[in-house]
Amino acid sequence: MKVKRHEILDYETYQDQRDDIRDQVMRIKAPRRIHVPPYLTFLFENRDTIRYQIQEMVRVERMVRESDIQHEIDTYNELLGDQDELGCTLLIEIEEPTERDGLLRRWVGLMDCLYLTLEDGSRAPAVFDRRQIGEERLSSVQYLKFRTNGKGPVAIGIDHPDFPKETPLTSEQRLALRCDLQASQS
């Protein structure tokens, strides 16, 4: 289910509640943040994390125009998976600029190598937002989705020599993503 306009607080009301909301969302994000050494972090999104991102943009930009707020809602809602999908932000975290540039060029084909291993042993390949992929290098932030057909993931896999084959998910991570899949079906 996507975030609706009536769920977004005005920036002053949000500011009053921000600390409590932020604490709650950080607890929600924790099991949805999956690190694949040495450079990849997958942050699986859900309604709560997306609503928080929208609220933060409204606060920072001090948005009051309905069209601006709706634009943020529409933009961030794109990151959520549809029914039986998991939406994810992939962060490629390389601190040193020269190393980062070289690896982002080397990993141009990475989008074809990522998948989730599902509970039945099948694979759900990553579907990238093609607007973010250049011919010569990747962006260090990527938005992707995994179509799981309602099956829960048990590992993140990468068919690329620079990364481990599969990174198993913890029971807490599996449960969080399973709950997000169930919510996508309502």
# chains A, B, ... in the order shown; residues from 1 in each chain; ligands from 1
>>> select_by_dssp(residues="segment 33-175 of chain A", states="alpha helix (DSSP H)", output="ChimeraX atom specification")
/A:47-61,66-77,97-106,171-175
>>> write_last_selection(atoms="N, CA and C atoms", output="CSV table (one decimal), in the first residue's frame")
chain,number,residue,atom,x,y,z
A,47,ARG,N,6.3,1.1,3.8
A,47,ARG,CA,5.5,2.3,4.0
A,47,ARG,C,6.1,3.2,5.0
A,48,ASP,N,6.5,2.6,6.1
A,48,ASP,CA,7.0,3.5,7.2
A,48,ASP,C,8.3,4.2,6.9
A,49,THR,N,9.2,3.5,6.2
A,49,THR,CA,10.5,4.1,5.8
A,49,THR,C,10.3,5.2,4.8
A,50,ILE,N,9.4,4.9,3.8
A,50,ILE,CA,9.1,5.9,2.8
A,50,ILE,C,8.3,7.1,3.3
A,51,ARG,N,7.4,6.9,4.2
A,51,ARG,CA,6.7,8.0,4.8
A,51,ARG,C,7.7,8.9,5.6
A,52,TYR,N,8.6,8.3,6.3
A,52,TYR,CA,9.6,9.0,7.0
A,52,TYR,C,10.5,9.9,6.0
A,53,GLN,N,10.9,9.3,4.9
A,53,GLN,CA,11.6,10.0,3.9
A,53,GLN,C,10.9,11.2,3.3
A,54,ILE,N,9.6,11.0,3.1
A,54,ILE,CA,8.7,12.1,2.6
A,54,ILE,C,8.6,13.2,3.7
A,55,GLN,N,8.4,12.8,4.9
A,55,GLN,CA,8.3,13.8,6.0
A,55,GLN,C,9.6,14.6,6.1
A,56,GLU,N,10.7,13.9,6.0
A,56,GLU,CA,12.0,14.6,6.1
A,56,GLU,C,12.2,15.6,4.9
A,57,MET,N,11.8,15.3,3.7
A,57,MET,CA,11.9,16.2,2.6
A,57,MET,C,10.9,17.4,2.8
A,58,VAL,N,9.7,17.1,3.3
A,58,VAL,CA,8.8,18.2,3.6
A,58,VAL,C,9.3,19.2,4.6
A,59,ARG,N,10.0,18.6,5.6
A,59,ARG,CA,10.6,19.4,6.7
A,59,ARG,C,11.7,20.2,6.2
A,60,VAL,N,12.7,19.6,5.6
A,60,VAL,CA,13.9,20.2,5.1
A,60,VAL,C,13.6,21.4,4.1
A,61,GLU,N,12.7,21.1,3.2
A,61,GLU,CA,12.3,22.0,2.2
A,61,GLU,C,11.2,23.0,2.6
A,66,GLU,N,0.6,22.1,-2.0
A,66,GLU,CA,0.1,20.7,-2.2
A,66,GLU,C,0.8,20.0,-3.3
A,67,SER,N,1.0,20.7,-4.4
A,67,SER,CA,1.6,20.1,-5.6
A,67,SER,C,3.1,19.6,-5.3
A,68,ASP,N,3.8,20.4,-4.5
A,68,ASP,CA,5.2,20.0,-4.1
A,68,ASP,C,5.1,18.7,-3.2
A,69,ILE,N,4.2,18.7,-2.2
A,69,ILE,CA,4.1,17.6,-1.3
A,69,ILE,C,3.7,16.4,-2.1
A,70,GLN,N,2.7,16.5,-3.0
A,70,GLN,CA,2.3,15.4,-3.7
A,70,GLN,C,3.4,14.8,-4.6
A,71,HIS,N,4.2,15.7,-5.2
A,71,HIS,CA,5.3,15.3,-6.0
A,71,HIS,C,6.3,14.4,-5.2
A,72,GLU,N,6.6,14.8,-4.0
A,72,GLU,CA,7.4,14.0,-3.1
A,72,GLU,C,6.8,12.6,-2.8
A,73,ILE,N,5.5,12.6,-2.5
A,73,ILE,CA,4.8,11.4,-2.3
A,73,ILE,C,4.9,10.5,-3.5
A,74,ASP,N,4.6,11.0,-4.7
A,74,ASP,CA,4.7,10.2,-5.9
A,74,ASP,C,6.1,9.7,-6.1
A,75,THR,N,7.1,10.5,-6.0
A,75,THR,CA,8.5,10.1,-6.2
A,75,THR,C,8.9,9.0,-5.3
A,76,TYR,N,8.6,9.1,-4.0
A,76,TYR,CA,9.0,8.1,-3.0
A,76,TYR,C,8.2,6.9,-3.1
A,77,ASN,N,6.9,7.0,-3.4
A,77,ASN,CA,6.1,5.8,-3.6
A,77,ASN,C,6.6,4.9,-4.7
A,97,PRO,N,37.6,8.5,-3.4
A,97,PRO,CA,37.0,8.9,-4.7
A,97,PRO,C,37.6,8.1,-5.9
A,98,THR,N,38.9,8.0,-6.0
A,98,THR,CA,39.5,7.3,-7.1
A,98,THR,C,39.1,5.9,-7.2
A,99,GLU,N,39.1,5.2,-6.0
A,99,GLU,CA,38.7,3.8,-6.0
A,99,GLU,C,37.2,3.7,-6.3
A,100,ARG,N,36.4,4.6,-5.8
A,100,ARG,CA,35.0,4.6,-6.1
A,100,ARG,C,34.7,4.7,-7.6
A,101,ASP,N,35.4,5.6,-8.3
A,101,ASP,CA,35.2,5.8,-9.7
A,101,ASP,C,35.6,4.6,-10.5
A,102,GLY,N,36.7,4.0,-10.1
A,102,GLY,CA,37.1,2.8,-10.8
A,102,GLY,C,36.2,1.6,-10.7
A,103,LEU,N,35.7,1.4,-9.4
A,103,LEU,CA,34.8,0.3,-9.2
A,103,LEU,C,33.5,0.5,-9.8
A,104,LEU,N,33.0,1.7,-9.8
A,104,LEU,CA,31.7,2.0,-10.4
A,104,LEU,C,31.7,1.8,-11.9
A,105,ARG,N,32.9,2.0,-12.5
A,105,ARG,CA,33.0,1.7,-13.9
A,105,ARG,C,33.1,0.2,-14.1
A,106,ARG,N,33.8,-0.5,-13.3
A,106,ARG,CA,34.0,-1.9,-13.4
A,106,ARG,C,32.7,-2.7,-13.2
A,171,SER,N,17.3,-14.4,10.9
A,171,SER,CA,15.8,-14.7,11.1
A,171,SER,C,15.1,-13.4,11.2
A,172,GLU,N,15.6,-12.4,11.9
A,172,GLU,CA,15.0,-11.1,12.0
A,172,GLU,C,14.8,-10.4,10.7
A,173,GLN,N,15.8,-10.5,9.8
A,173,GLN,CA,15.7,-9.9,8.5
A,173,GLN,C,14.6,-10.6,7.6
A,174,ARG,N,14.6,-11.9,7.7
A,174,ARG,CA,13.6,-12.7,7.0
A,174,ARG,C,12.2,-12.4,7.4
A,175,LEU,N,12.0,-12.3,8.7
A,175,LEU,CA,10.7,-11.9,9.3
A,175,LEU,C,10.2,-10.5,8.8
>>> residues_around(residues="segment 114-118 of chain A", least_positions_apart="3", cutoff="7 Å", atoms="only C-alpha atoms", output="ChimeraX atom specification")
/A:110-111,121-126,151-159
>>> write_last_selection(atoms="N, CA and C atoms", output="mmCIF file, in the first residue's frame")
data_model
loop_
_atom_site.group_PDB
_atom_site.id
_atom_site.type_symbol
_atom_site.label_atom_id
_atom_site.label_comp_id
_atom_site.auth_asym_id
_atom_site.auth_seq_id
_atom_site.Cartn_x
_atom_site.Cartn_y
_atom_site.Cartn_z
ATOM 1 N N LEU A 110 26.672 -4.921 -12.917
ATOM 2 C CA LEU A 110 26.223 -5.461 -11.630
ATOM 3 C C LEU A 110 24.713 -5.670 -11.576
ATOM 4 N N MET A 111 23.966 -4.806 -12.267
ATOM 5 C CA MET A 111 22.506 -4.906 -12.215
ATOM 6 C C MET A 111 21.993 -6.248 -12.704
ATOM 7 N N GLY A 121 13.966 -21.850 -2.783
ATOM 8 C CA GLY A 121 15.197 -22.084 -3.533
ATOM 9 C C GLY A 121 15.253 -21.362 -4.871
ATOM 10 N N SER A 122 14.141 -20.779 -5.300
ATOM 11 C CA SER A 122 14.145 -20.045 -6.570
ATOM 12 C C SER A 122 14.823 -18.686 -6.383
ATOM 13 N N ARG A 123 15.077 -18.022 -7.504
ATOM 14 C CA ARG A 123 15.725 -16.714 -7.480
ATOM 15 C C ARG A 123 14.786 -15.643 -8.004
ATOM 16 N N ALA A 124 14.865 -14.469 -7.373
ATOM 17 C CA ALA A 124 14.157 -13.280 -7.853
ATOM 18 C C ALA A 124 15.229 -12.278 -8.268
ATOM 19 N N PRO A 125 15.439 -12.080 -9.578
ATOM 20 C CA PRO A 125 16.467 -11.142 -10.018
ATOM 21 C C PRO A 125 16.082 -9.701 -9.699
ATOM 22 N N ALA A 126 17.090 -8.869 -9.493
ATOM 23 C CA ALA A 126 16.861 -7.441 -9.248
ATOM 24 C C ALA A 126 16.417 -6.767 -10.533
ATOM 25 N N LYS A 151 6.890 -15.106 -2.061
ATOM 26 C CA LYS A 151 7.800 -15.975 -1.293
ATOM 27 C C LYS A 151 8.829 -15.109 -0.564
ATOM 28 N N GLY A 152 9.101 -15.474 0.662
ATOM 29 C CA GLY A 152 10.056 -14.715 1.459
ATOM 30 C C GLY A 152 11.497 -14.997 1.061
ATOM 31 N N PRO A 153 12.349 -13.974 1.108
ATOM 32 C CA PRO A 153 13.762 -14.167 0.794
ATOM 33 C C PRO A 153 14.523 -14.771 1.976
ATOM 34 N N VAL A 154 15.565 -15.542 1.640
ATOM 35 C CA VAL A 154 16.428 -16.121 2.671
ATOM 36 C C VAL A 154 17.887 -15.683 2.496
ATOM 37 N N ALA A 155 18.226 -15.094 1.337
ATOM 38 C CA ALA A 155 19.599 -14.645 1.086
ATOM 39 C C ALA A 155 19.606 -13.627 -0.046
ATOM 40 N N ILE A 156 20.661 -12.803 -0.056
ATOM 41 C CA ILE A 156 20.942 -11.929 -1.190
ATOM 42 C C ILE A 156 22.099 -12.566 -1.946
ATOM 43 N N GLY A 157 21.929 -12.714 -3.241
ATOM 44 C CA GLY A 157 22.960 -13.329 -4.063
ATOM 45 C C GLY A 157 23.518 -12.362 -5.094
ATOM 46 N N ILE A 158 24.789 -12.573 -5.422
ATOM 47 C CA ILE A 158 25.467 -11.738 -6.417
ATOM 48 C C ILE A 158 26.346 -12.648 -7.257
ATOM 49 N N ASP A 159 26.014 -12.750 -8.535
ATOM 50 C CA ASP A 159 26.826 -13.541 -9.471
ATOM 51 C C ASP A 159 27.900 -12.655 -10.082
#
>>> closest_residue(among="A:Gly109, A:Leu138, A:Gln185, A:Phe128", to="His160 of chain A", atoms="only C-alpha atoms")
A:Gly109
>>> atom_distance(atom1="atom CA of Glu78 of chain A", atom2="atom CA of Glu136 of chain A")
25.2 Å
